[in-house]
file query_21.tsv (TSV, C-alpha atoms and all ligand atoms)
chain	number	residue	atom	x	y	z
A	15	MET	CA	23.08	105.44	-158.01
A	16	THR	CA	26.54	103.92	-158.28
A	17	ARG	CA	27.69	102.76	-161.69
A	18	THR	CA	29.45	99.39	-161.90
A	19	VAL	CA	32.06	98.45	-164.48
A	20	ARG	CA	33.83	95.17	-165.19
A	21	ILE	CA	37.34	95.20	-166.58
A	22	ASN	CA	38.29	93.09	-169.61
A	23	ARG	CA	39.90	90.03	-168.01
A	24	ASP	CA	41.53	88.69	-171.17
A	25	ARG	CA	42.99	92.07	-172.07
A	26	LEU	CA	44.48	92.50	-168.59
A	27	TRP	CA	45.97	89.01	-168.67
A	28	ALA	CA	47.40	89.55	-172.16
A	29	SER	CA	49.15	92.73	-170.95
A	30	LEU	CA	50.61	90.90	-167.92
A	31	MET	CA	51.89	88.08	-170.13
A	32	GLU	CA	53.33	90.53	-172.65
A	33	LEU	CA	55.22	92.63	-170.13
A	34	LYS	CA	56.81	89.59	-168.49
A	35	GLN	CA	58.65	88.90	-171.75
A	36	ILE	CA	60.68	92.07	-171.15
A	37	GLY	CA	63.57	91.08	-168.92
A	38	ALA	CA	62.71	87.38	-169.18
A	39	TYR	CA	65.44	84.95	-168.09
A	40	HIS	CA	65.68	81.26	-167.31
A	41	ASP	CA	65.90	80.72	-163.57
A	42	GLN	CA	68.37	77.92	-162.82
A	43	ALA	CA	67.18	77.34	-159.25
A	44	THR	CA	63.53	76.71	-160.12
A	45	GLY	CA	63.77	75.75	-163.79
A	46	LEU	CA	61.06	78.36	-164.45
A	47	PRO	CA	61.01	81.46	-166.66
A	48	GLY	CA	61.53	84.52	-164.47
A	49	VAL	CA	61.72	88.29	-164.85
A	50	ARG	CA	64.87	90.33	-164.17
A	51	ARG	CA	64.08	94.00	-164.69
A	52	LEU	CA	66.16	96.04	-162.27
A	53	ALA	CA	65.38	99.74	-162.10
A	54	LEU	CA	66.73	101.94	-164.91
A	55	THR	CA	68.37	99.07	-166.80
A	56	ASP	CA	67.73	98.53	-170.52
A	57	ALA	CA	65.00	96.01	-169.67
A	58	ASP	CA	63.28	98.50	-167.35
A	59	ALA	CA	63.52	101.15	-170.06
A	60	GLU	CA	61.88	98.85	-172.60
A	61	ALA	CA	59.08	97.97	-170.15
A	62	ARG	CA	58.60	101.68	-169.40
A	63	ARG	CA	58.26	102.45	-173.11
A	64	ARG	CA	55.74	99.61	-173.54
A	65	CYS	CA	53.62	100.95	-170.67
A	66	VAL	CA	53.81	104.50	-172.06
A	67	ASP	CA	52.64	103.14	-175.45
A	68	TRP	CA	49.68	101.49	-173.76
A	69	MET	CA	48.89	104.70	-171.89
A	70	LEU	CA	48.96	106.72	-175.11
A	71	GLN	CA	46.83	104.13	-176.92
A	72	ALA	CA	44.25	104.57	-174.13
A	73	GLY	CA	44.16	108.27	-174.96
A	74	LEU	CA	45.94	109.35	-171.79
A	75	THR	CA	48.29	112.30	-171.39
A	76	VAL	CA	51.68	111.11	-170.16
A	77	ARG	CA	54.23	113.03	-168.12
A	78	VAL	CA	57.54	112.02	-166.51
A	79	ASP	CA	58.89	113.68	-163.38
A	80	ARG	CA	62.46	114.43	-162.36
A	81	ILE	CA	62.92	111.10	-160.53
A	82	GLY	CA	61.54	109.17	-163.50
A	83	ASN	CA	58.08	108.47	-162.10
A	84	VAL	CA	55.58	108.27	-164.96
A	85	TYR	CA	51.95	109.44	-164.72
A	86	ALA	CA	49.14	109.22	-167.26
A	87	THR	CA	45.99	111.33	-166.94
A	88	ARG	CA	42.37	110.75	-168.00
A	89	PRO	CA	40.63	114.12	-167.67
A	90	GLY	CA	37.51	114.59	-165.60
A	91	ARG	CA	34.76	117.20	-165.92
A	92	ASP	CA	36.30	119.52	-163.34
A	93	ARG	CA	40.03	119.79	-163.99
A	94	SER	CA	40.48	122.02	-160.96
A	95	LEU	CA	39.79	119.15	-158.53
A	96	PRO	CA	42.60	116.91	-157.23
A	97	CYS	CA	42.82	113.63	-159.15
A	98	VAL	CA	42.37	110.04	-158.04
A	99	LEU	CA	45.71	108.27	-158.48
A	100	MET	CA	46.38	104.57	-159.11
A	101	GLY	CA	49.88	103.16	-159.26
A	102	SER	CA	52.63	100.76	-158.35
A	103	HIS	CA	55.96	99.76	-159.96
A	104	ILE	CA	57.32	97.78	-162.92
A	105	ASP	CA	60.90	97.23	-161.75
A	106	THR	CA	61.61	93.78	-160.31
A	107	VAL	CA	64.18	92.05	-158.14
A	108	ALA	CA	66.84	89.93	-159.89
A	109	THR	CA	64.70	86.80	-159.47
A	110	GLY	CA	61.29	88.32	-160.05
A	111	GLY	CA	57.93	87.16	-161.32
A	112	ALA	CA	55.26	88.62	-163.59
A	113	PHE	CA	52.92	90.14	-160.99
A	114	ASP	CA	54.75	92.04	-158.25
A	115	GLY	CA	54.03	95.71	-158.96
A	116	THR	CA	53.07	95.18	-162.59
A	117	LEU	CA	49.56	94.05	-161.62
A	118	GLY	CA	48.85	97.46	-160.11
A	119	VAL	CA	50.24	99.36	-163.10
A	120	LEU	CA	48.76	97.23	-165.88
A	121	GLY	CA	45.56	96.92	-163.84
A	122	GLY	CA	45.43	100.72	-163.65
A	123	ILE	CA	45.88	101.01	-167.41
A	124	GLU	CA	43.13	98.39	-167.83
A	125	VAL	CA	40.85	100.50	-165.63
A	126	MET	CA	41.39	103.42	-168.02
A	127	ARG	CA	40.59	101.26	-171.06
A	128	THR	CA	37.47	99.99	-169.31
A	129	LEU	CA	36.23	103.51	-168.57
A	130	ASN	CA	36.87	104.42	-172.21
A	131	ASP	CA	34.91	101.38	-173.43
A	132	ALA	CA	32.00	102.29	-171.14
A	133	GLY	CA	32.08	105.91	-172.28
A	134	ILE	CA	32.24	107.11	-168.69
A	135	GLN	CA	33.37	110.59	-167.80
A	136	THR	CA	34.21	111.14	-164.17
A	137	LEU	CA	34.05	114.34	-162.17
A	138	ARG	CA	37.73	114.26	-161.21
A	139	ASP	CA	40.80	113.42	-163.27
A	140	ILE	CA	42.05	109.87	-162.88
A	141	GLU	CA	45.77	109.11	-163.13
A	142	VAL	CA	47.75	105.89	-163.32
A	143	GLY	CA	51.46	105.90	-162.61
A	144	PHE	CA	54.54	103.86	-161.88
A	145	PHE	CA	57.30	104.76	-159.45
A	146	THR	CA	61.07	104.44	-159.96
A	147	GLU	CA	63.16	101.80	-158.13
A	148	GLU	CA	60.52	100.38	-155.77
A	149	GLU	CA	62.54	97.25	-155.10
A	150	GLY	CA	65.72	99.00	-154.00
A	151	VAL	CA	67.79	96.16	-155.43
A	152	ARG	CA	69.94	98.22	-157.76
A	153	PHE	CA	70.48	101.49	-155.89
A	154	GLY	CA	69.97	100.26	-152.32
A	155	THR	CA	66.95	102.34	-151.30
A	156	ASP	CA	63.52	100.82	-151.77
A	157	MET	CA	60.40	102.83	-152.64
A	158	LEU	CA	62.79	105.48	-153.98
A	159	GLY	CA	60.55	107.23	-156.51
A	160	SER	CA	57.51	107.35	-154.25
A	161	ALA	CA	59.63	108.48	-151.28
A	162	VAL	CA	60.97	111.40	-153.33
A	163	THR	CA	57.44	112.29	-154.41
A	164	ALA	CA	56.23	112.17	-150.82
A	165	GLY	CA	59.12	114.43	-149.76
A	166	ARG	CA	60.82	111.92	-147.47
A	167	ILE	CA	63.95	111.70	-149.66
A	168	PRO	CA	65.30	114.85	-151.39
A	169	LEU	CA	65.62	114.64	-155.18
A	170	ASP	CA	69.33	115.50	-155.28
A	171	HIS	CA	70.12	112.81	-152.68
A	172	ALA	CA	68.16	110.23	-154.70
A	173	CYS	CA	69.89	111.19	-157.97
A	174	LYS	CA	73.33	110.69	-156.41
A	175	LEU	CA	72.65	107.14	-155.21
A	176	THR	CA	74.90	104.63	-156.98
A	177	ASP	CA	74.64	101.01	-158.07
A	178	ALA	CA	77.38	98.38	-157.60
A	179	ASP	CA	79.22	99.74	-160.67
A	180	GLY	CA	79.16	103.33	-159.43
A	181	LYS	CA	76.48	104.48	-161.88
A	182	THR	CA	74.13	107.08	-160.44
A	183	VAL	CA	70.35	107.25	-160.53
A	184	GLY	CA	70.59	110.65	-162.21
A	185	ASP	CA	72.90	109.47	-165.00
A	186	GLU	CA	70.89	106.31	-165.59
A	187	LEU	CA	67.65	108.31	-165.86
A	188	ILE	CA	69.29	110.42	-168.58
A	189	ARG	CA	70.75	107.35	-170.32
A	190	ILE	CA	67.35	105.64	-170.67
A	191	GLY	CA	65.54	108.89	-171.52
A	192	PHE	CA	63.31	109.06	-168.46
A	193	ASP	CA	64.79	112.20	-166.91
A	194	GLY	CA	61.49	114.05	-167.09
A	195	ASP	CA	60.85	117.67	-166.23
A	196	ALA	CA	57.62	117.40	-164.21
A	197	ASP	CA	57.89	118.41	-160.56
A	198	GLU	CA	58.66	115.34	-158.44
A	199	ARG	CA	56.52	116.87	-155.66
A	200	ARG	CA	53.40	116.24	-157.69
A	201	PRO	CA	49.99	117.87	-157.12
A	202	ILE	CA	48.36	116.28	-154.07
A	203	PRO	CA	45.83	113.62	-155.15
A	204	HIS	CA	42.31	113.30	-153.74
A	205	ALA	CA	43.20	109.66	-152.95
A	206	TYR	CA	45.73	106.98	-153.90
A	207	LEU	CA	44.85	103.33	-154.54
A	208	GLU	CA	47.34	100.55	-155.18
A	209	CYS	CA	46.41	97.03	-156.26
A	210	HIS	CA	49.22	94.56	-155.52
A	211	ILE	CA	49.74	90.84	-155.10
A	212	GLU	CA	49.73	89.82	-151.44
A	213	GLN	CA	53.13	88.05	-151.52
A	214	GLY	CA	52.00	85.87	-148.62
A	215	PRO	CA	49.56	83.07	-147.78
A	216	ILE	CA	46.81	84.84	-145.78
A	217	LEU	CA	44.26	85.32	-148.58
A	218	ALA	CA	44.74	81.87	-150.09
A	219	ASP	CA	44.40	80.29	-146.64
A	220	ALA	CA	41.15	82.22	-146.16
A	221	GLY	CA	39.91	81.07	-149.57
A	222	VAL	CA	39.43	84.59	-150.97
A	223	ASP	CA	40.94	86.49	-153.91
A	224	ILE	CA	40.79	89.92	-152.29
A	225	GLY	CA	42.44	91.59	-149.31
A	226	ILE	CA	41.68	95.06	-147.98
A	227	VAL	CA	44.99	96.23	-146.57
A	228	GLN	CA	44.88	97.88	-143.16
A	229	GLY	CA	48.42	99.17	-143.28
A	230	VAL	CA	52.09	98.25	-143.54
A	231	GLN	CA	53.87	96.78	-140.56
A	232	SER	CA	56.84	98.38	-138.83
A	233	ILE	CA	60.28	97.51	-140.21
A	234	SER	CA	63.61	97.78	-138.37
A	235	TRP	CA	66.98	97.01	-139.98
A	236	GLN	CA	70.13	97.13	-137.90
A	237	ARG	CA	73.71	96.00	-138.45
A	238	LEU	CA	75.62	94.63	-135.47
A	239	THR	CA	79.41	94.47	-135.42
A	240	VAL	CA	81.00	92.33	-132.71
A	241	ARG	CA	84.69	92.72	-131.91
A	242	GLY	CA	86.38	90.02	-129.83
A	243	GLU	CA	89.93	88.72	-129.87
A	244	ALA	CA	91.65	86.26	-132.20
A	245	ALA	CA	93.20	83.34	-130.33
A	246	HIS	CA	94.58	79.86	-130.92
A	247	ALA	CA	91.82	77.25	-131.21
A	248	GLY	CA	93.86	74.53	-129.58
A	249	THR	CA	95.59	76.27	-126.72
A	250	THR	CA	93.22	79.03	-125.57
A	251	PRO	CA	91.08	77.83	-122.64
A	252	ILE	CA	87.35	78.15	-123.28
A	253	ALA	CA	86.87	80.52	-120.34
A	254	ALA	CA	89.59	82.85	-121.65
A	255	ARG	CA	88.07	83.43	-125.08
A	256	HIS	CA	86.44	86.54	-126.49
A	257	ASP	CA	84.62	84.77	-129.30
A	258	ALA	CA	82.86	87.24	-131.62
A	259	GLY	CA	81.36	84.41	-133.66
A	260	LEU	CA	79.76	82.81	-130.61
A	261	VAL	CA	78.17	86.12	-129.60
A	262	ALA	CA	76.84	86.70	-133.12
A	263	ALA	CA	75.43	83.18	-133.32
A	264	SER	CA	73.73	83.62	-129.94
A	265	VAL	CA	71.96	86.71	-131.30
A	266	VAL	CA	70.58	84.66	-134.22
A	267	VAL	CA	69.18	82.07	-131.82
A	268	GLU	CA	67.75	84.68	-129.44
A	269	ALA	CA	66.01	86.47	-132.33
A	270	ARG	CA	64.19	83.25	-133.21
A	271	ARG	CA	63.36	82.56	-129.55
A	272	MET	CA	61.80	86.02	-129.29
A	273	CYS	CA	59.51	85.23	-132.23
A	274	ASP	CA	58.48	81.88	-130.74
A	275	SER	CA	57.92	83.35	-127.26
A	276	GLY	CA	54.82	85.34	-128.21
A	277	ASP	CA	56.08	88.15	-125.94
A	278	PHE	CA	56.47	90.53	-128.88
A	279	GLY	CA	53.18	90.09	-130.71
A	280	GLN	CA	53.54	88.91	-134.29
A	281	LEU	CA	57.27	89.60	-134.43
A	282	ARG	CA	59.27	88.30	-137.38
A	283	ALA	CA	63.04	88.38	-137.02
A	284	THR	CA	65.55	87.47	-139.70
A	285	VAL	CA	69.33	87.46	-139.75
A	286	GLY	CA	69.97	87.40	-143.48
A	287	ASN	CA	73.58	88.50	-143.51
A	288	PHE	CA	76.17	86.88	-141.23
A	289	ASP	CA	79.89	87.31	-141.72
A	290	LEU	CA	82.93	86.15	-139.76
A	291	GLY	CA	85.32	87.89	-142.16
A	292	ALA	CA	88.25	85.83	-143.40
A	293	GLY	CA	87.45	83.03	-140.99
A	294	GLN	CA	90.15	80.50	-140.22
A	295	THR	CA	89.45	76.98	-139.04
A	296	ASN	CA	91.89	77.11	-136.14
A	297	VAL	CA	91.39	80.68	-134.91
A	298	VAL	CA	88.74	82.00	-132.50
A	299	PRO	CA	86.90	84.65	-134.58
A	300	HIS	CA	87.87	88.18	-133.62
A	301	GLN	CA	85.04	89.87	-135.51
A	302	ALA	CA	81.52	89.15	-136.66
A	303	THR	CA	78.91	91.27	-138.42
A	304	LEU	CA	75.26	90.47	-138.86
A	305	THR	CA	72.11	92.23	-139.96
A	306	ILE	CA	68.87	91.99	-137.99
A	307	ASP	CA	65.57	92.52	-139.83
A	308	LEU	CA	62.59	92.91	-137.47
A	309	ARG	CA	58.96	93.26	-138.62
A	310	ASN	CA	55.98	93.91	-136.42
A	311	PRO	CA	52.38	94.99	-137.06
A	312	ALA	CA	52.36	96.89	-133.73
A	313	ASP	CA	54.74	99.73	-132.88
A	314	ASP	CA	54.75	99.01	-129.11
A	315	HIS	CA	55.74	95.40	-129.73
A	316	MET	CA	58.47	96.57	-132.09
A	317	THR	CA	59.85	98.95	-129.46
A	318	ALA	CA	59.80	96.20	-126.85
A	319	ALA	CA	61.57	93.80	-129.22
A	320	GLU	CA	64.33	96.31	-130.02
A	321	GLN	CA	64.83	97.11	-126.33
A	322	HIS	CA	64.97	93.45	-125.37
A	323	LEU	CA	67.50	92.69	-128.09
A	324	ALA	CA	69.70	95.63	-127.06
A	325	CYS	CA	69.65	94.45	-123.41
A	326	TYR	CA	70.36	90.87	-124.41
A	327	VAL	CA	73.34	91.90	-126.53
A	328	ASP	CA	74.74	94.14	-123.76
A	329	GLN	CA	74.65	91.30	-121.25
A	330	LEU	CA	76.09	88.86	-123.75
A	331	ALA	CA	78.92	91.25	-124.61
A	332	ALA	CA	79.77	91.74	-120.94
A	333	ARG	CA	79.81	88.00	-120.32
A	334	HIS	CA	82.11	87.27	-123.26
A	335	GLY	CA	84.25	90.39	-123.02
A	336	VAL	CA	83.55	91.65	-126.55
A	337	GLN	CA	82.69	95.10	-127.96
A	338	VAL	CA	79.52	95.63	-129.93
A	339	ALA	CA	78.52	98.46	-132.25
A	340	TRP	CA	75.00	98.96	-133.59
A	341	GLU	CA	74.29	100.69	-136.87
A	342	ARG	CA	70.75	101.69	-137.78
A	343	MET	CA	70.10	100.87	-141.45
A	344	ALA	CA	66.37	101.57	-141.66
A	345	LYS	CA	63.36	102.07	-139.44
A	346	THR	CA	59.76	102.74	-140.36
A	347	ALA	CA	56.83	102.81	-137.98
A	348	VAL	CA	53.54	101.11	-138.73
A	349	VAL	CA	51.79	102.95	-141.58
A	350	PRO	CA	48.01	102.68	-141.14
A	351	PHE	CA	45.97	103.16	-144.30
A	352	HIS	CA	43.04	105.57	-144.42
A	353	PRO	CA	39.97	104.02	-142.71
A	354	ALA	CA	37.41	105.66	-145.04
A	355	ILE	CA	39.27	104.46	-148.14
A	356	GLN	CA	39.51	100.95	-146.67
A	357	ASP	CA	35.77	101.02	-146.04
A	358	LEU	CA	35.10	102.25	-149.58
A	359	LEU	CA	37.16	99.33	-150.93
A	360	ALA	CA	35.25	96.90	-148.70
A	361	ALA	CA	31.87	98.28	-149.81
A	362	THR	CA	32.99	98.04	-153.43
A	363	ALA	CA	34.00	94.39	-152.99
A	364	ASP	CA	30.65	93.69	-151.29
A	365	ASP	CA	28.74	95.25	-154.19
A	366	LEU	CA	30.72	93.15	-156.66
A	367	GLY	CA	29.97	90.02	-154.62
A	368	LEU	CA	33.64	89.40	-153.96
A	369	PRO	CA	34.58	88.03	-150.53
A	370	TYR	CA	37.63	89.55	-148.87
A	371	VAL	CA	39.61	89.62	-145.64
A	372	ARG	CA	41.29	92.58	-143.99
A	373	ALA	CA	45.03	92.15	-143.44
A	374	MET	CA	48.23	94.02	-142.65
A	375	SER	CA	50.93	94.07	-145.31
A	376	GLY	CA	54.10	92.20	-144.45
A	377	ALA	CA	56.07	93.90	-147.24
A	378	GLY	CA	56.78	97.55	-147.98
A	379	HIS	CA	54.94	99.27	-150.84
A	380	ASP	CA	54.86	102.62	-152.65
A	381	ALA	CA	51.48	103.17	-150.97
A	382	GLN	CA	53.15	103.61	-147.58
A	383	GLU	CA	55.10	106.58	-148.96
A	384	ILE	CA	52.16	108.15	-150.81
A	385	SER	CA	49.99	107.78	-147.69
A	386	ALA	CA	52.03	110.63	-146.22
A	387	ILE	CA	50.50	113.07	-148.71
A	388	CYS	CA	46.92	111.85	-149.31
A	389	PRO	CA	44.27	109.33	-148.19
A	390	THR	CA	45.60	105.94	-149.30
A	391	ALA	CA	44.70	102.26	-149.22
A	392	MET	CA	45.60	99.04	-151.01
A	393	VAL	CA	43.84	96.05	-152.54
A	394	PHE	CA	45.66	92.73	-152.25
A	395	VAL	CA	45.28	89.89	-154.72
A	396	ALA	CA	45.83	86.30	-153.62
A	397	GLY	CA	48.79	84.31	-154.89
A	398	GLU	CA	49.10	80.58	-155.46
A	399	ASN	CA	51.93	78.32	-154.29
A	400	GLY	CA	51.74	79.76	-150.76
A	401	GLY	CA	51.93	83.31	-152.07
A	402	PHE	CA	55.64	83.08	-152.87
A	403	SER	CA	57.04	86.23	-154.45
A	404	HIS	CA	60.44	87.58	-155.50
A	405	THR	CA	60.89	84.21	-157.23
A	406	PRO	CA	59.66	82.94	-160.62
A	407	ARG	CA	57.26	80.72	-158.62
A	408	GLU	CA	55.20	83.88	-158.02
A	409	TYR	CA	51.74	83.33	-159.56
A	410	SER	CA	48.27	84.80	-159.26
A	411	ASN	CA	45.61	83.28	-161.49
A	412	PRO	CA	43.72	85.31	-164.13
A	413	GLY	CA	40.50	85.30	-162.12
A	414	ALA	CA	42.14	86.68	-158.98
A	415	CYS	CA	43.99	89.37	-160.95
A	416	ALA	CA	40.75	90.39	-162.65
A	417	ASN	CA	38.74	90.43	-159.42
A	418	GLY	CA	41.31	92.64	-157.72
A	419	THR	CA	41.34	94.98	-160.69
A	420	ASP	CA	37.52	95.09	-160.69
A	421	VAL	CA	37.64	96.30	-157.08
A	422	LEU	CA	40.27	98.87	-158.08
A	423	ALA	CA	38.18	100.06	-161.06
A	424	ASN	CA	34.95	100.52	-159.17
A	425	ALA	CA	36.57	102.07	-156.11
A	426	VAL	CA	38.37	104.56	-158.37
A	427	LEU	CA	35.10	105.33	-160.12
A	428	ARG	CA	33.43	106.13	-156.78
A	429	LEU	CA	36.32	108.27	-155.58
A	430	ALA	CA	36.51	110.11	-158.90
A	431	ASP	CA	32.86	111.11	-158.62
A	432	GLN	CA	33.19	112.42	-155.07
A	433	PRO	CA	32.65	116.19	-155.02
B	1	ZN	ZN	55.91	95.26	-155.28
call {"tool": "encode", "arguments": {"input": "query_21.tsv", "output": "structure tokens", "more": "lines below"}}
Ligand SMILES: [Zn+2]
result
Amino acid sequence: MTRTVRINRDRLWASLMELKQIGAYHDQATGLPGVRRLALTDADAEARRRCVDWMLQAGLTVRVDRIGNVYATRPGRDRSLPCVLMGSHIDTVATGGAFDGTLGVLGGIEVMRTLNDAGIQTLRDIEVGFFTEEEGVRFGTDMLGSAVTAGRIPLDHACKLTDADGKTVGDELIRIGFDGDADERRPIPHAYLECHIEQGPILADAGVDIGIVQGVQSISWQRLTVRGEAAHAGTTPIAARHDAGLVAASVVVEARRMCDSGDFGQLRATVGNFDLGAGQTNVVPHQATLTIDLRNPADDHMTAAEQHLACYVDQLAARHGVQVAWERMAKTAVVPFHPAIQDLLAATADDLGLPYVRAMSGAGHDAQEISAICPTAMVFVAGENGGFSHTPREYSNPGACANGTDVLANAVLRLADQP
């Protein structure tokens, strides 16, 4: 017979509200209090120490690995079995809120407290952890700590990454005292579960607090540099121009047309960086650079979208007599989460009487890295205000946070008792 636990809602909420004070700032754009806790800054260090305090108070054994990931263990009856791992991140973007990442970490700590209160001993060890530099804002590579743990990024490469001031990950880990000595290629868990806010509107639109995440969609980042020819704006005939700016602008419009066409599934295309260099009012632009961010929940649609865009740009370049160079910045395929773990989460939500929907994740998460080493799935929690995130408007209500954490707690309990 399956045991059921309920987390302490007030205690979880109090932890979330306490941690958001660390790195708090006043956001001019929204007039709201926000959180700015970039990885390995003083604010991040203080938040790390607070979480470690909470872990120790819950009677957990804490260790830090060589990329600064922190894990806390609650022992099971058979220490020889692989553990069940919960986790997420506590670093934020520069304009962050109180829930992104922290819900999964503080929720995981709350699960441990709840098991203590109930006097439950599980068969397997349970661990809760947080990963270094998930956001990628400071050192330019997102999901850094989990990617190192999963073996996708070598430790020495990660430690040499620099921020805008030239400070390295390795030096900053030492400076804040989180240069641990545990092996970054940690023991393989039995399963990994991550509870995270949705950061989108799907759950709220469906009227549910809970999402069972099917996987993370494919992401493609490319930088396009267009080289044309500078020429006089008043005297150069239109037909004689090699206008790099015009070509770049056409790519922006085509990217949107592709999304609207429906030919590429649920494609999302964004040109977030567009630069004409030292543009002059009366000179035809000789160079333009732009970034193209493509997202797609289906790999074949992503491939088709990339191929179409490449063809379109080739034809455009020929027509306007410009040179184009592509630079690949990032590419990840669709990461499907483990079907049996998804089903276990769904059964857990059913038993708790919590309605849910199944959905793909639009954003990247540590779980997509950890899924390379063990069975992995995620629980999403609905947000209010359209699910906005990476802004102080980010908000999930106490009930939704607690319901998501209840699903996490009971799913972990089931996994930790699996022989
Ligand atoms: Zn996050």
call {"tool": "residues_near_ligand", "arguments": {"input": "query_21.tsv", "ligand": "ligand ZN 1 (chain B)", "cutoff": "8 Å", "atoms": "all atoms listed in the file", "output": "list in words"}}
result
Ser102, His103, Thr106, Asp114, Gly115, Thr116, Glu148, Glu149, His210, Ile211, Gly378, His379 and Asp380 of chain A
call {"tool": "residues_around", "arguments": {"input": "query_21.tsv", "residues": "Tyr409 in chain A", "least_positions_apart": "4", "cutoff": "9 Å", "atoms": "only C-alpha atoms", "output": "list of chain:residue names"}}
result
A:Gly111, A:Ala112, A:Phe113, A:Ile211, A:Ala396, A:Gly397, A:Glu398, A:Asn399, A:Gly401, A:Phe402, A:Ser403
call {"tool": "closest_residue", "arguments": {"input": "query_21.tsv", "among": "A:His204, A:Ala430, A:Ala344, A:Leu217", "to": "Ser410 in chain A", "atoms": "all atoms listed in the file"}}
result
A:Leu217
call {"tool": "closest_residue", "arguments": {"input": "query_21.tsv", "among": "A:Asp277, A:Ala269, A:Gln337, A:Leu33", "to": "Arg63 in chain A", "atoms": "only C-alpha atoms"}}
result
A:Leu33
call {"tool": "atom_distance", "arguments": {"input": "query_21.tsv", "atom1": "CA of Ala262 in chain A", "atom2": "CA of Thr249 in chain A"}}
result
22.4 Å
call {"tool": "residues_around", "arguments": {"input": "query_21.tsv", "residues": "range 43-53 of chain A", "least_positions_apart": "3", "cutoff": "9 Å", "atoms": "all atoms listed in the file", "output": "number ranges by chain"}}
result
A: 34-40, 56-59, 61, 104-112, 146-153, 405-407
call {"tool": "atom_distance", "arguments": {"input": "query_21.tsv", "atom1": "CA of Ala220 in chain A", "atom2": "CA of Val371 in chain A"}}
result
7.6 Å
call {"tool": "residues_around", "arguments": {"input": "query_21.tsv", "residues": "Lys174 in chain A", "least_positions_apart": "6", "cutoff": "7 Å", "atoms": "only C-alpha atoms", "output": "compact mmCIF listing (two decimals) with C-alpha atoms, keeping the file's coordinate frame"}}
result
# COMPACT_ATOMS: atom_id res chain seq x y z
CA THR A 182 74.13 107.08 -160.44
CA VAL A 183 70.35 107.25 -160.53
CA GLY A 184 70.59 110.65 -162.21
call {"tool": "closest_residue", "arguments": {"input": "query_21.tsv", "among": "A:Gly276, A:Gly259, A:Pro389, A:Gly293", "to": "Gln356 in chain A", "atoms": "all atoms listed in the file"}}
result
A:Pro389
call {"tool": "decode", "arguments": {"input": "query_21.tsv", "residues": "range 190-211 of chain A", "atoms": "C-alpha atoms", "output": "mmCIF file, in the first residue's frame"}}
result
data_model
loop_
_atom_site.group_PDB
_atom_site.id
_atom_site.type_symbol
_atom_site.label_atom_id
_atom_site.label_comp_id
_atom_site.auth_asym_id
_atom_site.auth_seq_id
_atom_site.Cartn_x
_atom_site.Cartn_y
_atom_site.Cartn_z
ATOM 1 C CA ILE A 190 32.710 32.298 -2.555
ATOM 2 C CA GLY A 191 33.918 29.073 -0.912
ATOM 3 C CA PHE A 192 31.965 26.634 -3.054
ATOM 4 C CA ASP A 193 34.914 24.945 -4.766
ATOM 5 C CA GLY A 194 34.000 21.547 -3.375
ATOM 6 C CA ASP A 195 35.961 18.343 -3.700
ATOM 7 C CA ALA A 196 33.197 15.852 -4.563
ATOM 8 C CA ASP A 197 33.437 14.285 -8.021
ATOM 9 C CA GLU A 198 31.402 16.346 -10.498
ATOM 10 C CA ARG A 199 30.525 13.090 -12.304
ATOM 11 C CA ARG A 200 28.309 12.082 -9.413
ATOM 12 C CA PRO A 201 27.024 8.544 -8.717
ATOM 13 C CA ILE A 202 24.234 7.733 -11.169
ATOM 14 C CA PRO A 203 20.825 8.265 -9.527
ATOM 15 C CA HIS A 204 17.934 5.800 -9.724
ATOM 16 C CA ALA A 205 15.827 8.716 -11.036
ATOM 17 C CA TYR A 206 15.828 12.516 -11.169
ATOM 18 C CA LEU A 207 12.766 14.696 -10.555
ATOM 19 C CA GLU A 208 12.621 18.457 -10.977
ATOM 20 C CA CYS A 209 9.696 20.631 -9.922
ATOM 21 C CA HIS A 210 9.736 23.990 -11.722
ATOM 22 C CA ILE A 211 7.387 26.822 -12.574
#
